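Engineer: Contents of target.pdb (PDB, C-alpha atoms and all ligand atoms) are given next:
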```pdb
ATOM      1  CA  MET A   1     -33.890  -6.208 -16.950  1.00  0.00           C
ATOM      2  CA  LEU A   2     -30.344  -6.253 -15.567  1.00  0.00           C
ATOM      3  CA  THR A   3     -27.798  -4.103 -17.401  1.00  0.00           C
ATOM      4  CA  MET A   4     -24.587  -5.567 -18.834  1.00  0.00           C
ATOM      5  CA  LYS A   5     -22.674  -3.889 -15.988  1.00  0.00           C
ATOM      6  CA  GLU A   6     -24.943  -5.467 -13.373  1.00  0.00           C
ATOM      7  CA  VAL A   7     -24.505  -8.893 -14.966  1.00  0.00           C
ATOM      8  CA  PHE A   8     -20.720  -8.452 -15.052  1.00  0.00           C
ATOM      9  CA  ASP A   9     -20.577  -7.151 -11.463  1.00  0.00           C
ATOM     10  CA  ARG A  10     -22.479 -10.181 -10.178  1.00  0.00           C
ATOM     11  CA  PHE A  11     -20.069 -12.545 -11.942  1.00  0.00           C
ATOM     12  CA  ASP A  12     -17.131 -10.460 -10.732  1.00  0.00           C
ATOM     13  CA  GLU A  13     -18.318 -10.792  -7.120  1.00  0.00           C
ATOM     14  CA  ILE A  14     -18.324 -14.567  -7.542  1.00  0.00           C
ATOM     15  CA  GLY A  15     -14.859 -14.669  -9.154  1.00  0.00           C
ATOM     16  CA  CYS A  16     -14.095 -18.039 -10.732  1.00  0.00           C
ATOM     17  CA  CYS A  17     -17.059 -19.690 -12.440  1.00  0.00           C
ATOM     18  CA  SER A  18     -17.745 -22.876 -14.387  1.00  0.00           C
ATOM     19  CA  PHE A  19     -17.364 -22.343 -18.171  1.00  0.00           C
ATOM     20  CA  ALA A  20     -18.892 -25.159 -20.233  1.00  0.00           C
ATOM     21  CA  THR A  21     -18.564 -25.931 -23.962  1.00  0.00           C
ATOM     22  CA  PRO A  22     -19.564 -28.799 -26.277  1.00  0.00           C
ATOM     23  CA  ASP A  23     -16.533 -31.116 -26.524  1.00  0.00           C
ATOM     24  CA  GLY A  24     -17.027 -31.902 -30.221  1.00  0.00           C
ATOM     25  CA  HIS A  25     -17.824 -35.572 -29.518  1.00  0.00           C
ATOM     26  CA  GLY A  26     -21.417 -35.269 -28.335  1.00  0.00           C
ATOM     27  CA  GLY A  27     -20.452 -34.414 -24.758  1.00  0.00           C
ATOM     28  CA  VAL A  28     -19.813 -31.281 -22.762  1.00  0.00           C
ATOM     29  CA  GLU A  29     -16.810 -30.135 -20.712  1.00  0.00           C
ATOM     30  CA  ALA A  30     -16.557 -27.521 -17.970  1.00  0.00           C
ATOM     31  CA  ARG A  31     -13.589 -25.725 -16.419  1.00  0.00           C
ATOM     32  CA  ILE A  32     -12.843 -22.745 -14.184  1.00  0.00           C
ATOM     33  CA  ALA A  33     -12.462 -19.294 -15.738  1.00  0.00           C
ATOM     34  CA  HIS A  34     -13.766 -15.776 -15.205  1.00  0.00           C
ATOM     35  CA  PHE A  35     -15.075 -12.800 -17.130  1.00  0.00           C
ATOM     36  CA  PHE A  36     -12.422 -10.087 -16.951  1.00  0.00           C
ATOM     37  CA  ALA A  37     -14.321  -7.194 -18.587  1.00  0.00           C
ATOM     38  CA  TYR A  38     -17.569  -6.071 -20.176  1.00  0.00           C
ATOM     39  CA  ASP A  39     -18.784  -3.396 -22.564  1.00  0.00           C
ATOM     40  CA  ASP A  40     -21.803  -2.823 -24.802  1.00  0.00           C
ATOM     41  CA  GLU A  41     -20.848  -5.813 -26.934  1.00  0.00           C
ATOM     42  CA  GLY A  42     -20.763  -8.377 -24.147  1.00  0.00           C
ATOM     43  CA  LEU A  43     -18.731 -10.211 -21.504  1.00  0.00           C
ATOM     44  CA  TYR A  44     -15.037 -10.954 -22.148  1.00  0.00           C
ATOM     45  CA  LEU A  45     -12.934 -13.980 -21.258  1.00  0.00           C
ATOM     46  CA  ARG A  46      -9.479 -15.184 -22.129  1.00  0.00           C
ATOM     47  CA  THR A  47      -7.864 -18.556 -22.573  1.00  0.00           C
ATOM     48  CA  MET A  48      -4.807 -19.968 -24.371  1.00  0.00           C
ATOM     49  CA  ASP A  49      -4.855 -21.433 -27.864  1.00  0.00           C
ATOM     50  CA  VAL A  50      -3.089 -24.593 -26.643  1.00  0.00           C
ATOM     51  CA  LYS A  51      -6.059 -25.587 -24.457  1.00  0.00           C
ATOM     52  CA  PRO A  52      -9.036 -27.788 -25.462  1.00  0.00           C
ATOM     53  CA  PHE A  53     -11.204 -24.898 -24.219  1.00  0.00           C
ATOM     54  CA  TYR A  54      -9.913 -22.717 -27.091  1.00  0.00           C
ATOM     55  CA  ARG A  55     -10.557 -25.426 -29.702  1.00  0.00           C
ATOM     56  CA  GLN A  56     -14.070 -26.023 -28.358  1.00  0.00           C
ATOM     57  CA  LEU A  57     -14.902 -22.309 -28.354  1.00  0.00           C
ATOM     58  CA  LYS A  58     -13.672 -21.987 -31.946  1.00  0.00           C
ATOM     59  CA  GLN A  59     -15.434 -25.123 -33.187  1.00  0.00           C
ATOM     60  CA  SER A  60     -18.792 -24.630 -31.493  1.00  0.00           C
ATOM     61  CA  GLY A  61     -18.989 -20.882 -30.965  1.00  0.00           C
ATOM     62  CA  ARG A  62     -21.074 -21.716 -27.881  1.00  0.00           C
ATOM     63  CA  LEU A  63     -20.509 -21.148 -24.179  1.00  0.00           C
ATOM     64  CA  ALA A  64     -22.497 -21.613 -20.960  1.00  0.00           C
ATOM     65  CA  VAL A  65     -21.282 -20.104 -17.678  1.00  0.00           C
ATOM     66  CA  ASN A  66     -22.500 -20.716 -14.149  1.00  0.00           C
ATOM     67  CA  GLY A  67     -21.338 -19.303 -10.819  1.00  0.00           C
ATOM     68  CA  GLU A  68     -22.652 -19.146  -7.269  1.00  0.00           C
ATOM     69  CA  ARG A  69     -22.038 -16.981  -4.219  1.00  0.00           C
ATOM     70  CA  THR A  70     -23.260 -17.985  -0.769  1.00  0.00           C
ATOM     71  CA  GLU A  71     -22.839 -16.550   2.713  1.00  0.00           C
ATOM     72  CA  ALA A  72     -21.648 -19.812   4.235  1.00  0.00           C
ATOM     73  CA  LYS A  73     -21.382 -23.508   3.572  1.00  0.00           C
ATOM     74  CA  VAL A  74     -24.477 -25.668   3.765  1.00  0.00           C
ATOM     75  CA  VAL A  75     -25.324 -27.309   7.116  1.00  0.00           C
ATOM     76  CA  PHE A  76     -27.711 -30.198   7.804  1.00  0.00           C
ATOM     77  CA  ASP A  77     -30.493 -30.484  10.363  1.00  0.00           C
ATOM     78  CA  GLU A  78     -31.246 -33.506  12.561  1.00  0.00           C
ATOM     79  CA  ASN A  79     -33.162 -35.116   9.675  1.00  0.00           C
ATOM     80  CA  ASN A  80     -30.181 -34.620   7.337  1.00  0.00           C
ATOM     81  CA  LEU A  81     -32.052 -31.982   5.348  1.00  0.00           C
ATOM     82  CA  PRO A  82     -29.774 -29.248   3.915  1.00  0.00           C
ATOM     83  CA  LEU A  83     -30.057 -25.702   5.296  1.00  0.00           C
ATOM     84  CA  PHE A  84     -28.711 -23.264   2.706  1.00  0.00           C
ATOM     85  CA  LYS A  85     -27.638 -19.767   3.715  1.00  0.00           C
ATOM     86  CA  PRO A  86     -28.845 -16.927   1.453  1.00  0.00           C
ATOM     87  CA  GLY A  87     -26.956 -16.561  -1.809  1.00  0.00           C
ATOM     88  CA  TYR A  88     -27.320 -16.229  -5.528  1.00  0.00           C
ATOM     89  CA  GLN A  89     -26.442 -17.974  -8.720  1.00  0.00           C
ATOM     90  CA  MET A  90     -25.686 -16.383 -12.092  1.00  0.00           C
ATOM     91  CA  ARG A  91     -25.902 -18.214 -15.379  1.00  0.00           C
ATOM     92  CA  VAL A  92     -25.543 -17.189 -19.005  1.00  0.00           C
ATOM     93  CA  ALA A  93     -25.441 -19.105 -22.282  1.00  0.00           C
ATOM     94  CA  GLY A  94     -24.929 -18.032 -25.859  1.00  0.00           C
ATOM     95  CA  GLU A  95     -22.532 -17.324 -28.693  1.00  0.00           C
ATOM     96  CA  VAL A  96     -18.884 -16.245 -28.610  1.00  0.00           C
ATOM     97  CA  ARG A  97     -16.457 -14.763 -31.103  1.00  0.00           C
ATOM     98  CA  GLU A  98     -12.683 -14.377 -30.915  1.00  0.00           C
ATOM     99  CA  LEU A  99     -11.174 -10.886 -30.897  1.00  0.00           C
ATOM    100  CA  SER A 100      -8.056  -9.919 -32.811  1.00  0.00           C
ATOM    101  CA  MET A 101      -5.157  -8.555 -30.781  1.00  0.00           C
ATOM    102  CA  ALA A 102      -5.733  -5.177 -32.464  1.00  0.00           C
ATOM    103  CA  GLU A 103      -9.302  -5.124 -31.117  1.00  0.00           C
ATOM    104  CA  VAL A 104      -8.096  -5.902 -27.598  1.00  0.00           C
ATOM    105  CA  GLU A 105      -5.388  -3.222 -27.756  1.00  0.00           C
ATOM    106  CA  ALA A 106      -7.883  -0.646 -29.038  1.00  0.00           C
ATOM    107  CA  LYS A 107     -10.036  -1.154 -25.924  1.00  0.00           C
ATOM    108  CA  ALA A 108      -7.119  -0.908 -23.472  1.00  0.00           C
ATOM    109  CA  PRO A 109      -6.820   2.919 -23.284  1.00  0.00           C
ATOM    110  CA  HIS A 110     -10.488   3.221 -22.256  1.00  0.00           C
ATOM    111  CA  ASP A 111     -10.789   0.283 -19.867  1.00  0.00           C
ATOM    112  CA  ARG A 112      -8.243  -0.771 -17.244  1.00  0.00           C
ATOM    113  CA  ASN A 113      -9.480  -4.367 -17.408  1.00  0.00           C
ATOM    114  CA  PHE A 114      -8.410  -4.569 -21.057  1.00  0.00           C
ATOM    115  CA  ASN A 115      -5.167  -2.867 -20.099  1.00  0.00           C
ATOM    116  CA  VAL A 116      -4.501  -5.702 -17.678  1.00  0.00           C
ATOM    117  CA  ALA A 117      -5.398  -8.166 -20.438  1.00  0.00           C
ATOM    118  CA  VAL A 118      -2.817  -6.630 -22.783  1.00  0.00           C
ATOM    119  CA  TYR A 119      -0.201  -6.881 -20.016  1.00  0.00           C
ATOM    120  CA  ASP A 120      -1.158 -10.510 -19.382  1.00  0.00           C
ATOM    121  CA  ILE A 121      -1.060 -11.393 -23.084  1.00  0.00           C
ATOM    122  CA  ALA A 122       2.501 -10.041 -23.279  1.00  0.00           C
ATOM    123  CA  LYS A 123       3.383 -12.426 -20.432  1.00  0.00           C
ATOM    124  CA  TYR A 124       1.504 -15.381 -21.947  1.00  0.00           C
ATOM    125  CA  PRO A 125       1.626 -14.882 -25.743  1.00  0.00           C
ATOM    126  CA  GLU A 126      -0.682 -17.814 -26.538  1.00  0.00           C
ATOM    127  CA  THR A 127      -3.547 -16.007 -24.767  1.00  0.00           C
ATOM    128  CA  ARG A 128      -6.674 -15.413 -26.839  1.00  0.00           C
ATOM    129  CA  VAL A 129      -9.676 -13.214 -26.023  1.00  0.00           C
ATOM    130  CA  PHE A 130     -13.336 -14.015 -26.694  1.00  0.00           C
ATOM    131  CA  VAL A 131     -16.540 -12.099 -26.139  1.00  0.00           C
ATOM    132  CA  LEU A 132     -19.880 -13.663 -25.221  1.00  0.00           C
ATOM    133  CA  HIS A 133     -21.905 -11.343 -27.428  1.00  0.00           C
ATOM    134  CA  ARG A 134     -25.340 -12.916 -27.991  1.00  0.00           C
ATOM    135  CA  PHE A 135     -26.677 -14.560 -24.874  1.00  0.00           C
ATOM    136  CA  HIS A 136     -29.438 -14.981 -22.329  1.00  0.00           C
ATOM    137  CA  GLY A 137     -29.209 -15.679 -18.628  1.00  0.00           C
ATOM    138  CA  GLU A 138     -30.624 -15.493 -15.155  1.00  0.00           C
ATOM    139  CA  LEU A 139     -29.938 -14.147 -11.692  1.00  0.00           C
ATOM    140  CA  TYR A 140     -31.322 -16.737  -9.229  1.00  0.00           C
ATOM    141  CA  ASP A 141     -31.280 -15.146  -5.779  1.00  0.00           C
ATOM    142  CA  TYR A 142     -32.270 -17.514  -2.970  1.00  0.00           C
ATOM    143  CA  ASP A 143     -33.135 -17.083   0.666  1.00  0.00           C
ATOM    144  CA  TYR A 144     -34.755 -20.426   1.422  1.00  0.00           C
ATOM    145  CA  ALA A 145     -35.024 -19.805   5.181  1.00  0.00           C
ATOM    146  CA  MET A 146     -36.486 -16.318   4.488  1.00  0.00           C
ATOM    147  CA  VAL A 147     -33.871 -14.612   6.652  1.00  0.00           C
ATOM    148  CA  ASN A 148     -33.803 -11.324   4.716  1.00  0.00           C
ATOM    149  CA  ARG A 149     -37.276 -11.247   3.078  1.00  0.00           C
ATOM    150  CA  ASP A 150     -40.675 -12.952   3.217  1.00  0.00           C
ATOM    151  CA  HIS A 151     -40.247 -15.215   0.169  1.00  0.00           C
ATOM    152  CA  LYS A 152     -37.593 -17.649  -0.945  1.00  0.00           C
ATOM    153  CA  LEU A 153     -36.690 -16.663  -4.494  1.00  0.00           C
ATOM    154  CA  HIS A 154     -36.063 -13.670  -6.672  1.00  0.00           C
ATOM    155  CA  ARG A 155     -35.352 -14.566 -10.310  1.00  0.00           C
ATOM    156  CA  GLU A 156     -34.443 -12.114 -13.056  1.00  0.00           C
ATOM    157  CA  ARG A 157     -33.843 -13.149 -16.642  1.00  0.00           C
ATOM    158  CA  PHE A 158     -32.139 -11.108 -19.337  1.00  0.00           C
ATOM    159  CA  ALA A 159     -30.823 -11.285 -22.894  1.00  0.00           C
ATOM    160  CA  PHE A 160     -28.343  -9.270 -24.959  1.00  0.00           C
ATOM    161  CA  GLY A 161     -27.180  -9.076 -28.558  1.00  0.00           C
ATOM    162  CA  GLY A 162     -30.557 -10.004 -30.028  1.00  0.00           C
ATOM    163  CA  ASP A 163     -30.978 -13.227 -28.049  1.00  0.00           C
ATOM    164  CA  ALA A 164     -34.301 -14.059 -26.336  1.00  0.00           C
ATOM    165  CA  TYR A 165     -35.255 -15.504 -22.957  1.00  0.00           C
ATOM    166  CA  GLU A 166     -38.215 -17.405 -21.563  1.00  0.00           C
ATOM    167  CA  GLU A 167     -39.908 -15.917 -18.497  1.00  0.00           C
ATOM    168  CA  PRO A 168     -39.279 -17.951 -15.313  1.00  0.00           C
ATOM    169  CA  GLY A 169     -42.093 -19.849 -13.598  1.00  0.00           C
ATOM    170  CA  LEU A 170     -44.993 -22.076 -14.566  1.00  0.00           C
ATOM    171  CA  ARG A 171     -48.278 -20.615 -15.824  1.00  0.00           C
ATOM    172  CA  ILE A 172     -51.936 -21.062 -14.864  1.00  0.00           C
ATOM    173  CA  THR A 173     -54.409 -21.166 -17.738  1.00  0.00           C
ATOM    174  CA  ASP A 174     -58.062 -20.133 -17.987  1.00  0.00           C
ATOM    175  CA  ASP A 175     -59.012 -23.718 -17.040  1.00  0.00           C
ATOM    176  CA  CYS A 176     -58.473 -22.636 -13.403  1.00  0.00           C
ATOM    177  CA  ILE A 177     -61.616 -23.088 -11.272  1.00  0.00           C
ATOM    178  CA  ALA A 178     -60.228 -20.906  -8.456  1.00  0.00           C
ATOM    179  CA  CYS A 179     -60.346 -23.724  -5.886  1.00  0.00           C
ATOM    180  CA  GLY A 180     -57.213 -22.512  -4.042  1.00  0.00           C
ATOM    181  CA  THR A 181     -55.563 -25.949  -3.760  1.00  0.00           C
ATOM    182  CA  CYS A 182     -52.304 -24.737  -5.330  1.00  0.00           C
ATOM    183  CA  LEU A 183     -51.988 -21.776  -2.962  1.00  0.00           C
ATOM    184  CA  ALA A 184     -51.646 -24.008   0.090  1.00  0.00           C
ATOM    185  CA  GLY A 185     -48.993 -26.186  -1.553  1.00  0.00           C
ATOM    186  CA  CYS A 186     -46.675 -23.428  -2.742  1.00  0.00           C
ATOM    187  CA  SER A 187     -43.925 -22.837  -0.165  1.00  0.00           C
ATOM    188  CA  PHE A 188     -42.382 -20.214  -2.467  1.00  0.00           C
ATOM    189  CA  LYS A 189     -45.325 -17.807  -2.005  1.00  0.00           C
ATOM    190  CA  ALA A 190     -45.513 -17.502  -5.779  1.00  0.00           C
ATOM    191  CA  ILE A 191     -49.271 -17.905  -6.277  1.00  0.00           C
ATOM    192  CA  VAL A 192     -51.759 -15.041  -6.279  1.00  0.00           C
ATOM    193  CA  PRO A 193     -55.535 -15.693  -5.882  1.00  0.00           C
ATOM    194  CA  GLY A 194     -57.858 -14.471  -8.618  1.00  0.00           C
ATOM    195  CA  GLU A 195     -59.943 -15.751 -11.488  1.00  0.00           C
ATOM    196  CA  PRO A 196     -57.846 -17.364 -12.747  1.00  0.00           C
ATOM    197  CA  TYR A 197     -55.161 -17.721 -10.074  1.00  0.00           C
ATOM    198  CA  ALA A 198     -51.742 -16.490 -11.251  1.00  0.00           C
ATOM    199  CA  ILE A 199     -48.085 -17.380 -10.668  1.00  0.00           C
ATOM    200  CA  LEU A 200     -45.423 -14.751  -9.988  1.00  0.00           C
ATOM    201  CA  GLY A 201     -42.668 -16.091 -12.228  1.00  0.00           C
ATOM    202  CA  GLU A 202     -39.886 -14.255 -10.405  1.00  0.00           C
ATOM    203  CA  ARG A 203     -40.721 -16.210  -7.228  1.00  0.00           C
ATOM    204  CA  CYS A 204     -41.544 -19.590  -8.787  1.00  0.00           C
ATOM    205  CA  ASP A 205     -39.003 -22.424  -8.482  1.00  0.00           C
ATOM    206  CA  GLU A 206     -40.856 -24.554 -11.051  1.00  0.00           C
ATOM    207  CA  CYS A 207     -41.056 -27.217  -8.332  1.00  0.00           C
ATOM    208  CA  GLY A 208     -44.208 -28.701  -9.893  1.00  0.00           C
ATOM    209  CA  ASN A 209     -46.383 -28.944  -6.752  1.00  0.00           C
ATOM    210  CA  CYS A 210     -49.192 -26.830  -8.226  1.00  0.00           C
ATOM    211  CA  TYR A 211     -48.971 -28.797 -11.484  1.00  0.00           C
ATOM    212  CA  HIS A 212     -49.249 -32.027  -9.478  1.00  0.00           C
ATOM    213  CA  ASP A 213     -52.077 -30.882  -7.179  1.00  0.00           C
ATOM    214  CA  CYS A 214     -54.353 -28.929  -9.537  1.00  0.00           C
ATOM    215  CA  PRO A 215     -57.683 -30.798  -9.937  1.00  0.00           C
ATOM    216  CA  ALA A 216     -58.474 -28.940 -13.162  1.00  0.00           C
ATOM    217  CA  GLY A 217     -55.181 -29.524 -14.997  1.00  0.00           C
ATOM    218  CA  ALA A 218     -54.862 -25.757 -15.263  1.00  0.00           C
ATOM    219  CA  VAL A 219     -51.110 -25.477 -14.649  1.00  0.00           C
ATOM    220  CA  GLU A 220     -48.864 -25.695 -17.692  1.00  0.00           C
ATOM    221  CA  GLY A 221     -45.556 -27.545 -17.254  1.00  0.00           C
ATOM    222  CA  LYS A 222     -42.410 -26.823 -19.245  1.00  0.00           C
ATOM    223  CA  GLY A 223     -40.957 -30.315 -19.313  1.00  0.00           C
ATOM    224  CA  GLU A 224     -42.426 -31.501 -22.604  1.00  0.00           C
TER     225      GLU A 224
HETATM  226  S1  LIG B   1     -55.330 -25.672  -8.012  1.00  0.00           S
HETATM  227 FE1  LIG B   1     -55.712 -25.333 -10.193  1.00  0.00          FE
HETATM  228  S2  LIG B   1     -57.874 -24.807 -10.310  1.00  0.00           S
HETATM  229 FE2  LIG B   1     -57.300 -24.600  -8.163  1.00  0.00          FE
HETATM  230  S3  LIG B   1     -56.747 -22.410  -7.941  1.00  0.00           S
HETATM  231 FE3  LIG B   1     -54.868 -23.512  -8.423  1.00  0.00          FE
HETATM  232  S4  LIG B   1     -54.669 -23.410 -10.660  1.00  0.00           S
HETATM  233 FE4  LIG B   1     -56.784 -22.878 -10.139  1.00  0.00          FE
HETATM  234  S1  LIG B   2     -44.260 -24.597  -9.509  1.00  0.00           S
HETATM  235 FE1  LIG B   2     -43.860 -24.698  -7.295  1.00  0.00          FE
HETATM  236  S2  LIG B   2     -42.981 -22.703  -6.829  1.00  0.00           S
HETATM  237 FE2  LIG B   2     -43.969 -22.487  -8.796  1.00  0.00          FE
HETATM  238  S3  LIG B   2     -46.011 -21.730  -8.323  1.00  0.00           S
HETATM  239 FE3  LIG B   2     -46.153 -23.962  -8.482  1.00  0.00          FE
HETATM  240  S4  LIG B   2     -45.916 -24.691  -6.371  1.00  0.00           S
HETATM  241 FE4  LIG B   2     -45.182 -22.571  -6.425  1.00  0.00          FE
END
```
Would you mind writing the file's structure down as structure tokens?
Ligand code: SF4
Ligand code: SF4

Structural biologist:
Amino acid sequence: MLTMKEVFDRFDEIGCCSFATPDGHGGVEARIAHFFAYDDEGLYLRTMDVKPFYRQLKQSGRLAVNGERTEAKVVFDENNLPLFKPGYQMRVAGEVRELSMAEVEAKAPHDRNFNVAVYDIAKYPETRVFVLHRFHGELYDYDYAMVNRDHKLHRERFAFGGDAYEEPGLRITDDCIACGTCLAGCSFKAIVPGEPYAILGERCDECGNCYHDCPAGAVEGKGE
């Protein structure tokens, strides 16, 4: 499982990400922000208490963050199909709590990122700091053209603060008759022959081809 530092570093490489919260009226809103620090408790962000983002964080206590880093912009082939360069996406979702100013100041001597936060708060006094402290997430690393490796995906899921995560990928049950139909239809090279056949979750895109093609109904979906 990724460490908190590795999760933070991946987000830090991306820079600005999409931070989404329930809007309090049955909808959801997203805006740009970034995680400025991490420690054993979680990932830290700041906003101002005059923004809807602050109100939504306080009211819901929930946050989902998504960011993506790619080598270059997408191009299209002669059939207008997209050709994505290798890249990765990070996503996390979970619970936040607001820190007191005393808590932020206490972290500053040990962490230059909190030191910067204290400086910034002095400049913008309505700034407030939150920590995403109980959350799960995923690193979704893609190389669809298999430029750097022999398979398209590498997925890693993680959880912190007592949260849980579901393993990526669909699953083949004991109803498998080992016919091999699914193997031919999986462009993600995620299926391993055997009795029963098996799916490597870290490579599986959950595209549904094996679910669709299996004559024995042996592939479990996650959609219902
Ligand atoms: S298509 Fe279904 S029955 Fe055939 S190998 Fe794959 S999972 Fe097993
Ligand atoms: S869901 Fe798609 S990617 Fe996953 S094992 Fe089946 S065919 Fe392969």

Engineer: Which residues come within 9 Å of Thr47 in chain A, counting all atoms listed in the file, excluding same-chain residues fewer than 5 positions away, as a list of chain:residue names?

Structural biologist: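 Near Thr47 in chain A, the qualifying residues are A:Ala33, A:Phe53, A:Tyr54, A:Glu126, A:Thr127, A:Arg128, A:Val129, A:Phe130.
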
Engineer: Step by step, measure atom-to-atom distances between ligand LIG 2 (chain B) and each residue using all atoms listed in the file, keep those at most 8 Å, then write them as a ChimeraX atom specification.

Structural biologist: /A:169-171,182-183,185-191,199-201,203-211

Engineer: Would you list the residues that come within 10 Å of ligand LIG 1 (chain B)? Count all atoms listed in the file and give the answer as a PyMOL selection string.

Structural biologist: chain A and resi 171-186+191-199+209-220

Engineer: My list of candidates is A:Arg69, A:His151, A:Arg112, A:Arg157. Which is closest to Val92 in chain A when distances are computed with all atoms listed in the file?

Structural biologist: A:Arg157

Engineer: Expand the PyMOL selection byres (((chain A and resi 152) around 6) and not hetatm) into the individual residues it matches in the shown file, reporting them as JSON, numbers by chain.

Structural biologist: {"A": [142, 143, 144, 146, 151, 153, 188]}

Engineer: Which of these, A:Thr3, A:Asn148, A:Asn66, A:Asn113, has the shortest distance to Tyr44 in chain A once you count only C-alpha atoms?

Structural biologist: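 The shortest atom-to-atom distance to Tyr44 in chain A comes from A:Asn113.
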
Engineer: So the first atom is CA of Ile32 in chain A and the second is CA of Glu156 in chain A; what is the distance between them in Å, to one decimal place?

Structural biologist: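 Separating CA of Ile32 in chain A from CA of Glu156 in chain A is a distance of 24.1 Å.
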
Engineer: Go through A:Val7, A:Val104, A:Ala122, A:Cys17 and flag the residue nearest Glu68 in chain A, using only C-alpha atoms for the distances.

Structural biologist: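 Residue with the minimum atom-to-atom distance to Glu68 in chain A: A:Cys17.
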
Engineer: Translate the PyMOL selection byres (((chain A and resi 89) around 7) and not hetatm), as applied to the file shown, into an explicit residue set as a short mmCIF file (atom, residue, chain, number, x, y, z; two decimals) with C-alpha atoms, keeping the file's coordinate frame.

Structural biologist:
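part-v3.cif was written with the following content:
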```cif
data_model
loop_
_atom_site.label_atom_id
_atom_site.label_comp_id
_atom_site.auth_asym_id
_atom_site.auth_seq_id
_atom_site.Cartn_x
_atom_site.Cartn_y
_atom_site.Cartn_z
CA GLY A 67 -21.34 -19.30 -10.82
CA GLU A 68 -22.65 -19.15 -7.27
CA ARG A 69 -22.04 -16.98 -4.22
CA TYR A 88 -27.32 -16.23 -5.53
CA MET A 90 -25.69 -16.38 -12.09
CA ARG A 91 -25.90 -18.21 -15.38
CA LEU A 139 -29.94 -14.15 -11.69
CA TYR A 140 -31.32 -16.74 -9.23
CA ASP A 141 -31.28 -15.15 -5.78
#
```

Engineer: Translate the PyMOL selection byres (((chain A and resi 95) around 6) and not hetatm), as applied to the file shown, into an explicit residue set as JSON, numbers by chain.

Structural biologist: {"A": [61, 62, 94, 96, 132, 134]}

Engineer: Under the rule that all atoms listed in the file are counted, which of A:Phe114, A:Ile121, A:Leu83, A:Ala102 is the nearest residue to Ala145 in chain A?

Structural biologist: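 Comparing A:Phe114, A:Ile121, A:Leu83, A:Ala102 against Ala145 in chain A, the winner is A:Leu83.
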
Engineer: Would you mind telling me which residue in A:Leu81, A:Val118, A:Val131, A:Ala64 lies nearest to Leu99 in chain A when using all atoms listed in the file?

Structural biologist: A:Val131

Engineer: Please indicate the distance in Å from CA of Asn80 in chain A to CA of His154 in chain A, rounded to one decimal place.

Structural biologist: 25.9 Å

Engineer: Between A:Met4, A:Ala106, A:Val74, A:Val65, which residue has the minimum interatomic distance to Glu41 in chain A, considering all atoms listed in the file?

Structural biologist: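 Nearest candidate to Glu41 in chain A out of A:Met4, A:Ala106, A:Val74, A:Val65: A:Met4.
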
Engineer: CA of Leu43 in chain A and CA of Asp9 in chain A, how far apart in Å?

Structural biologist: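 These atoms are spaced 10.7 Å apart.
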
Engineer: Step by step, gather every atom of range 60-72 of chain A that the file lists, find the box along x, y and z that holds them, add 5 Å on each side, and finally give centre and edge lengths in Å to one decimal, as AutoDock Vina command-line options.

Structural biologist:
```
--center_x -21.0 --center_y -20.6 --center_z -13.6 --size_x 14.5 --size_y 18.1 --size_z 45.7
```
